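**Q** Input: one structure, supplied below.
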Amino acid sequence: MLQTEHPHRVTAQVKAWDLPTRLFKWGLVAAIVSSWASHEWGDFELKWHRYTGYAVLVLLVFRLLWGVVGSSTAKFSAWVSWPWEAVRYGLDITRGRRRPYLSHNPLGAWMILMLLAIVSVQAVTGLFSVDSNGIFGGPFANTDPLADPTYWQKTLSRLHHQLFNILLGLVVVHVATNLFYQFVKKDPIVKAMVTGRKPVEPFEDQAEMRPAPAQYARALACLAAAAAIVLGGIKLFGGNLA
């Protein structure tokens, strides 16, 4: 437990998020932003766009694995709850009842699941998508410059682009909510995802994060397995990674 000095008080802090979870979050943000930027500015052959898409998929599979074998707050079992728990938490907020959580609160958990689901579908559809000219595309696009895109290529490409608009809307809500908690409700959830720590409170879920045994070796193994699953899977089913 850490004691942080302030001019007028001492605030005890506890571990909330492990380093692999925090690196995943900010790595995913960087990969998505980079993928969008590459598509908007100059990546006509979609080469960098494909590589950042692979990075997104590897990170998502890593998070799936880490959600099973990671630290106590990283595990899905720690924060994924039934929908009615999210409703009850939302009603408590409207009634002015504060219920602090060390990991994700029930409403935040469902937002995270929706974000992960949409990013996953967008990344997978990108594997089969083609550009507007039908020349460049994902590893399973099987593009032929002399042939028009097929119905499925057009459909998946359209879905790939439309999902980004939905993702953007959810991201705006997610960021706005986090900033509201950080600066209005004084719940440092944004800071915690950087430092890995939160001030001590009577948390509803757990008092302090419990790290996984051999945490960093386990995280590296999950990352290696995720890369093998994504990149090896694409090659196994005949996709072109380049």
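Ordering of the structure tokens sets the chain letters (A, B, ...), residue numbers begin anew at 1 in every chain, and ligands are numbered from 1 in the order given.
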Run DSSP on the backbone and grab whatever in chain A lands in strand (DSSP E or B); send it over as a ChimeraX atom specification.

**A** /A:2-5,10-15,130,137,197-199

**Q** Which residues are close to segment 83-88 of chain A, i.e. within 9 Å by only C-alpha atoms, leaving aside same-chain residues fewer than 2 positions away? Reply as a count of residues only.

**A** 11

**Q** Write out as a list of chain:residue names the residues lying within 12 Å of Leu65 of chain A, counting only C-alpha atoms and excluding same-chain residues fewer than 6 positions away.

**A** A:Pro20, A:Thr21, A:Phe24, A:Val58, A:Leu59, A:Ser71, A:Ala74, A:Lys75, A:Phe76, A:Arg218, A:Ala219, A:Leu220, A:Ala221, A:Cys222, A:Leu223, A:Ala224, A:Ala225, A:Ala226, A:Ala227, A:Ile229

**Q** Quick one: contact table of segment 29-71 of chain A to segment 234-242 of chain A, 9 Å max, nearest atom pair and distance in Å to one decimal per residue, counting only C-alpha atoms, chain and number order, as a tab-separated table?

**A**
residue	atom	partner	partner_atom	distance
A:Lys47	CA	A:Ala242	CA	7.4
A:Arg50	CA	A:Leu241	CA	8.1
A:Tyr51	CA	A:Leu241	CA	8.3
A:Tyr54	CA	A:Leu241	CA	8.9

**Q** Output N, CA, C and O atoms of each residue in that selection to a file, as a PDB file, in the first residue's frame.

**A**
ATOM      1  N   LYS A  47      -1.053  -0.882 -46.843  1.00  0.00           N
ATOM      2  CA  LYS A  47      -0.050  -1.739 -46.212  1.00  0.00           C
ATOM      3  C   LYS A  47       0.020  -1.484 -44.718  1.00  0.00           C
ATOM      4  O   LYS A  47      -0.080  -2.411 -43.911  1.00  0.00           O
ATOM      5  N   ARG A  50      -3.109  -2.516 -42.922  1.00  0.00           N
ATOM      6  CA  ARG A  50      -3.180  -3.949 -42.635  1.00  0.00           C
ATOM      7  C   ARG A  50      -2.348  -4.297 -41.403  1.00  0.00           C
ATOM      8  O   ARG A  50      -2.792  -5.055 -40.537  1.00  0.00           O
ATOM      9  N   TYR A  51      -1.136  -3.752 -41.325  1.00  0.00           N
ATOM     10  CA  TYR A  51      -0.262  -4.083 -40.205  1.00  0.00           C
ATOM     11  C   TYR A  51      -0.866  -3.626 -38.872  1.00  0.00           C
ATOM     12  O   TYR A  51      -0.795  -4.341 -37.866  1.00  0.00           O
ATOM     13  N   TYR A  54      -3.540  -6.012 -37.922  1.00  0.00           N
ATOM     14  CA  TYR A  54      -3.009  -7.220 -37.291  1.00  0.00           C
ATOM     15  C   TYR A  54      -2.683  -6.946 -35.817  1.00  0.00           C
ATOM     16  O   TYR A  54      -2.938  -7.792 -34.947  1.00  0.00           O
TER      17      TYR A  54
END

**Q** Excluding segment 177-187 of chain A and residues on its chain fewer than 4 positions from it, collect all residues at most 10 Å away from it, counting only C-alpha atoms, and give them as a ChimeraX atom specification.

**A** /A:98,100-101,108,171-173,191-192,198-199

**Q** Suppose you want the space between atom CA of Leu64 of chain A and atom CA of Gln206 of chain A; what is it in Å?

**A** 21.2 Å

**Q** Using only C-alpha atoms, which residues sit within 10 Å of segment 111-120 of chain A once same-chain residues fewer than 6 positions away are excluded, as a short mmCIF file (atom, residue, chain, number, x, y, z; two decimals) with N, CA, C and O atoms, in the first residue's frame?

**A**
data_model
loop_
_atom_site.label_atom_id
_atom_site.label_comp_id
_atom_site.auth_asym_id
_atom_site.auth_seq_id
_atom_site.Cartn_x
_atom_site.Cartn_y
_atom_site.Cartn_z
N LEU A 28 -3.88 -0.55 -27.66
CA LEU A 28 -5.04 -0.66 -28.53
C LEU A 28 -5.47 0.71 -29.04
O LEU A 28 -5.80 0.87 -30.22
N ILE A 32 -5.49 1.67 -33.06
CA ILE A 32 -6.71 2.11 -33.74
C ILE A 32 -6.51 3.49 -34.35
O ILE A 32 -6.88 3.74 -35.51
N VAL A 56 -4.11 -4.80 -33.86
CA VAL A 56 -5.37 -4.75 -33.12
C VAL A 56 -5.85 -6.15 -32.78
O VAL A 56 -6.25 -6.45 -31.65
N LEU A 57 -5.81 -7.05 -33.77
CA LEU A 57 -6.26 -8.42 -33.54
C LEU A 57 -5.40 -9.15 -32.52
O LEU A 57 -5.92 -9.87 -31.64
N LEU A 60 -6.31 -7.87 -29.10
CA LEU A 60 -7.62 -8.37 -28.66
C LEU A 60 -7.53 -9.81 -28.18
O LEU A 60 -8.12 -10.18 -27.14
N VAL A 61 -6.80 -10.64 -28.93
CA VAL A 61 -6.64 -12.04 -28.49
C VAL A 61 -5.84 -12.10 -27.20
O VAL A 61 -6.13 -12.90 -26.30
N ARG A 63 -5.86 -9.86 -24.88
CA ARG A 63 -6.76 -9.46 -23.78
C ARG A 63 -7.71 -10.59 -23.41
O ARG A 63 -8.05 -10.76 -22.23
N LEU A 64 -8.13 -11.36 -24.40
CA LEU A 64 -8.99 -12.50 -24.13
C LEU A 64 -8.27 -13.52 -23.26
O LEU A 64 -8.83 -14.04 -22.28
N PHE A 76 -11.99 -11.44 -16.51
CA PHE A 76 -13.36 -11.11 -16.85
C PHE A 76 -14.32 -11.46 -15.71
O PHE A 76 -15.32 -10.78 -15.50
N VAL A 80 -17.23 -8.66 -15.22
CA VAL A 80 -18.37 -8.90 -16.10
C VAL A 80 -19.54 -9.41 -15.26
O VAL A 80 -19.42 -10.43 -14.58
N HIS A 104 -13.76 -2.36 -13.12
CA HIS A 104 -14.84 -1.67 -13.81
C HIS A 104 -16.15 -1.82 -13.04
O HIS A 104 -16.48 -2.90 -12.57
N ASN A 105 -16.90 -0.72 -12.94
CA ASN A 105 -18.24 -0.84 -12.36
C ASN A 105 -19.15 -1.55 -13.36
O ASN A 105 -18.80 -1.69 -14.54
N GLY A 126 -12.13 -6.41 -41.63
CA GLY A 126 -11.03 -5.82 -42.38
C GLY A 126 -10.17 -6.85 -43.09
O GLY A 126 -9.54 -6.55 -44.11
N HIS A 160 -17.24 -2.78 -42.52
CA HIS A 160 -15.97 -2.38 -41.91
C HIS A 160 -15.94 -0.86 -41.72
O HIS A 160 -15.50 -0.37 -40.67
N LEU A 163 -18.90 0.36 -39.12
CA LEU A 163 -18.62 0.05 -37.72
C LEU A 163 -17.72 1.09 -37.09
O LEU A 163 -17.81 1.34 -35.88
N PHE A 164 -16.84 1.71 -37.90
CA PHE A 164 -15.97 2.73 -37.33
C PHE A 164 -16.77 3.92 -36.81
O PHE A 164 -16.44 4.50 -35.78
N ILE A 166 -19.82 3.79 -35.61
CA ILE A 166 -20.42 3.34 -34.35
C ILE A 166 -19.37 3.34 -33.24
O ILE A 166 -19.62 3.79 -32.12
N LEU A 167 -18.18 2.83 -33.58
CA LEU A 167 -17.09 2.81 -32.61
C LEU A 167 -16.75 4.22 -32.16
O LEU A 167 -16.54 4.46 -30.96
N LEU A 168 -16.70 5.15 -33.08
CA LEU A 168 -16.37 6.53 -32.74
C LEU A 168 -17.39 7.10 -31.77
O LEU A 168 -17.03 7.79 -30.81
N LEU A 170 -19.27 5.42 -29.59
CA LEU A 170 -19.07 4.79 -28.29
C LEU A 170 -17.83 5.32 -27.59
O LEU A 170 -17.82 5.49 -26.36
N VAL A 171 -16.78 5.58 -28.36
CA VAL A 171 -15.55 6.13 -27.78
C VAL A 171 -15.82 7.50 -27.17
O VAL A 171 -15.33 7.82 -26.09
N VAL A 173 -18.64 8.60 -25.95
CA VAL A 173 -19.37 8.39 -24.70
C VAL A 173 -18.44 7.87 -23.62
O VAL A 173 -18.49 8.31 -22.46
N HIS A 174 -17.58 6.93 -23.99
CA HIS A 174 -16.65 6.33 -23.03
C HIS A 174 -15.69 7.36 -22.45
O HIS A 174 -15.50 7.44 -21.24
#

**Q** Going by DSSP on the backbone, which bits of segment 17-221 of chain A are helix (DSSP H, G or I)? Write them as a PyMOL selection string, please.

**A** chain A and resi 19-40+47-69+76-79+83-94+106-126+151-183+189-195+215-221

**Q** Atoms to include: C-alpha atoms. Write the selected residues as a compact mmCIF listing (two decimals), in the first residue's frame.

**A**
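Just written: out.txt:
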# COMPACT_ATOMS: atom_id res chain seq x y z
CA LEU A 19 1.02 -3.20 -16.21
CA PRO A 20 0.03 -5.67 -18.98
CA THR A 21 -3.60 -4.51 -18.77
CA ARG A 22 -2.58 -0.85 -18.96
CA LEU A 23 -0.22 -1.47 -21.86
CA PHE A 24 -2.99 -3.33 -23.67
CA LYS A 25 -5.41 -0.42 -23.28
CA TRP A 26 -3.04 2.28 -24.50
CA GLY A 27 -1.56 -0.01 -27.15
CA LEU A 28 -5.04 -0.66 -28.53
CA VAL A 29 -5.79 3.07 -28.59
CA ALA A 30 -2.52 3.73 -30.44
CA ALA A 31 -3.16 0.94 -32.96
CA ILE A 32 -6.71 2.11 -33.74
CA VAL A 33 -5.66 5.75 -34.13
CA SER A 34 -2.73 4.72 -36.31
CA SER A 35 -4.96 2.51 -38.43
CA TRP A 36 -7.45 5.32 -38.97
CA ALA A 37 -4.69 7.86 -39.73
CA SER A 38 -3.04 5.55 -42.25
CA HIS A 39 -6.34 5.11 -44.07
CA GLU A 40 -7.01 8.84 -44.14
CA LYS A 47 -0.05 -1.74 -46.21
CA TRP A 48 0.29 0.09 -42.89
CA HIS A 49 -3.47 -0.16 -42.42
CA ARG A 50 -3.18 -3.95 -42.63
CA TYR A 51 -0.26 -4.08 -40.20
CA THR A 52 -2.07 -1.96 -37.61
CA GLY A 53 -5.12 -4.16 -38.12
CA TYR A 54 -3.01 -7.22 -37.29
CA ALA A 55 -1.77 -5.41 -34.18
CA VAL A 56 -5.37 -4.75 -33.12
CA LEU A 57 -6.26 -8.42 -33.54
CA VAL A 58 -3.19 -9.60 -31.63
CA LEU A 59 -4.00 -7.21 -28.78
CA LEU A 60 -7.62 -8.37 -28.66
CA VAL A 61 -6.64 -12.04 -28.49
CA PHE A 62 -4.04 -11.17 -25.85
CA ARG A 63 -6.76 -9.46 -23.78
CA LEU A 64 -8.99 -12.50 -24.13
CA LEU A 65 -6.23 -14.73 -22.79
CA TRP A 66 -5.20 -12.25 -20.11
CA GLY A 67 -8.82 -12.01 -19.02
CA VAL A 68 -8.57 -15.67 -18.01
CA VAL A 69 -5.05 -15.98 -16.55
CA PHE A 76 -13.36 -11.11 -16.85
CA SER A 77 -14.86 -12.93 -13.90
CA ALA A 78 -13.97 -9.93 -11.71
CA TRP A 79 -16.01 -7.33 -13.57
CA PRO A 83 -27.20 -6.84 -17.29
CA TRP A 84 -29.55 -6.24 -14.36
CA GLU A 85 -26.53 -5.46 -12.19
CA ALA A 86 -25.67 -2.65 -14.58
CA VAL A 87 -29.27 -1.41 -14.41
CA ARG A 88 -29.21 -1.49 -10.62
CA TYR A 89 -25.92 0.39 -10.57
CA GLY A 90 -27.35 3.01 -12.93
CA LEU A 91 -30.40 3.46 -10.70
CA ASP A 92 -28.14 3.89 -7.67
CA ILE A 93 -26.29 6.67 -9.51
CA THR A 94 -29.56 8.50 -10.21
CA PRO A 106 -21.19 -2.81 -13.84
CA LEU A 107 -22.14 -0.06 -16.33
CA GLY A 108 -18.55 0.55 -17.35
CA ALA A 109 -18.04 -3.19 -17.82
CA TRP A 110 -20.79 -3.39 -20.43
CA MET A 111 -19.37 -0.38 -22.23
CA ILE A 112 -15.96 -2.09 -22.34
CA LEU A 113 -17.54 -5.28 -23.69
CA MET A 114 -19.37 -3.36 -26.43
CA LEU A 115 -16.19 -1.53 -27.41
CA LEU A 116 -14.20 -4.77 -27.55
CA ALA A 117 -16.94 -6.50 -29.55
CA ILE A 118 -17.18 -3.73 -32.15
CA VAL A 119 -13.41 -3.43 -32.50
CA SER A 120 -13.21 -7.22 -32.90
CA VAL A 121 -15.85 -7.35 -35.64
CA GLN A 122 -14.31 -4.38 -37.42
CA ALA A 123 -10.84 -5.94 -37.33
CA VAL A 124 -12.14 -9.29 -38.59
CA THR A 125 -14.16 -7.74 -41.43
CA GLY A 126 -11.03 -5.82 -42.38
CA TYR A 151 -21.01 -8.97 -53.28
CA TRP A 152 -19.42 -10.25 -50.06
CA GLN A 153 -16.35 -8.08 -50.50
CA LYS A 154 -18.56 -5.02 -50.92
CA THR A 155 -20.77 -6.00 -47.98
CA LEU A 156 -17.88 -6.64 -45.59
CA SER A 157 -16.07 -3.51 -46.75
CA ARG A 158 -19.19 -1.42 -46.13
CA LEU A 159 -19.65 -2.99 -42.70
CA HIS A 160 -15.97 -2.38 -41.91
CA HIS A 161 -16.41 1.35 -42.60
CA GLN A 162 -19.80 1.70 -40.92
CA LEU A 163 -18.62 0.05 -37.72
CA PHE A 164 -15.97 2.73 -37.33
CA ASN A 165 -18.69 5.38 -37.05
CA ILE A 166 -20.42 3.34 -34.35
CA LEU A 167 -17.09 2.81 -32.61
CA LEU A 168 -16.37 6.53 -32.74
CA GLY A 169 -19.71 7.30 -31.07
CA LEU A 170 -19.07 4.79 -28.29
CA VAL A 171 -15.55 6.13 -27.78
CA VAL A 172 -16.93 9.65 -27.34
CA VAL A 173 -19.37 8.39 -24.70
CA HIS A 174 -16.65 6.33 -23.03
CA VAL A 175 -14.16 9.20 -22.87
CA ALA A 176 -16.79 11.70 -21.71
CA THR A 177 -17.92 9.33 -18.95
CA ASN A 178 -14.37 8.70 -17.77
CA LEU A 179 -13.63 12.43 -17.70
CA PHE A 180 -16.85 13.01 -15.75
CA TYR A 181 -15.82 10.41 -13.16
CA GLN A 182 -12.26 11.77 -13.06
CA PHE A 183 -12.99 15.47 -12.64
CA ILE A 189 -10.27 6.07 -13.13
CA VAL A 190 -8.29 7.75 -15.93
CA LYS A 191 -5.28 8.33 -13.68
CA ALA A 192 -5.52 4.74 -12.43
CA MET A 193 -5.19 3.40 -15.97
CA VAL A 194 -1.88 5.28 -16.19
CA THR A 195 -0.44 4.74 -12.70
CA GLN A 215 2.95 -12.02 -14.07
CA TYR A 216 5.29 -10.72 -16.74
CA ALA A 217 6.35 -14.14 -18.02
CA ARG A 218 2.70 -15.11 -18.20
CA ALA A 219 1.84 -11.88 -20.06
CA LEU A 220 4.63 -12.44 -22.58
CA ALA A 221 3.41 -15.99 -23.12

**Q** Quick one, how far is atom CA of Pro149 of chain A from atom CA of Gly42 of chain A?

**A**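 Spanning atom CA of Pro149 of chain A to atom CA of Gly42 of chain A is a straight-line distance of 22.0 Å.
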
**Q** Between atom CA of Pro202 of chain A and atom CA of Gly70 of chain A, what distance in Å does the model show, to one decimal?

**A**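 Going from atom CA of Pro202 of chain A over to atom CA of Gly70 of chain A, I get 23.2 Å.
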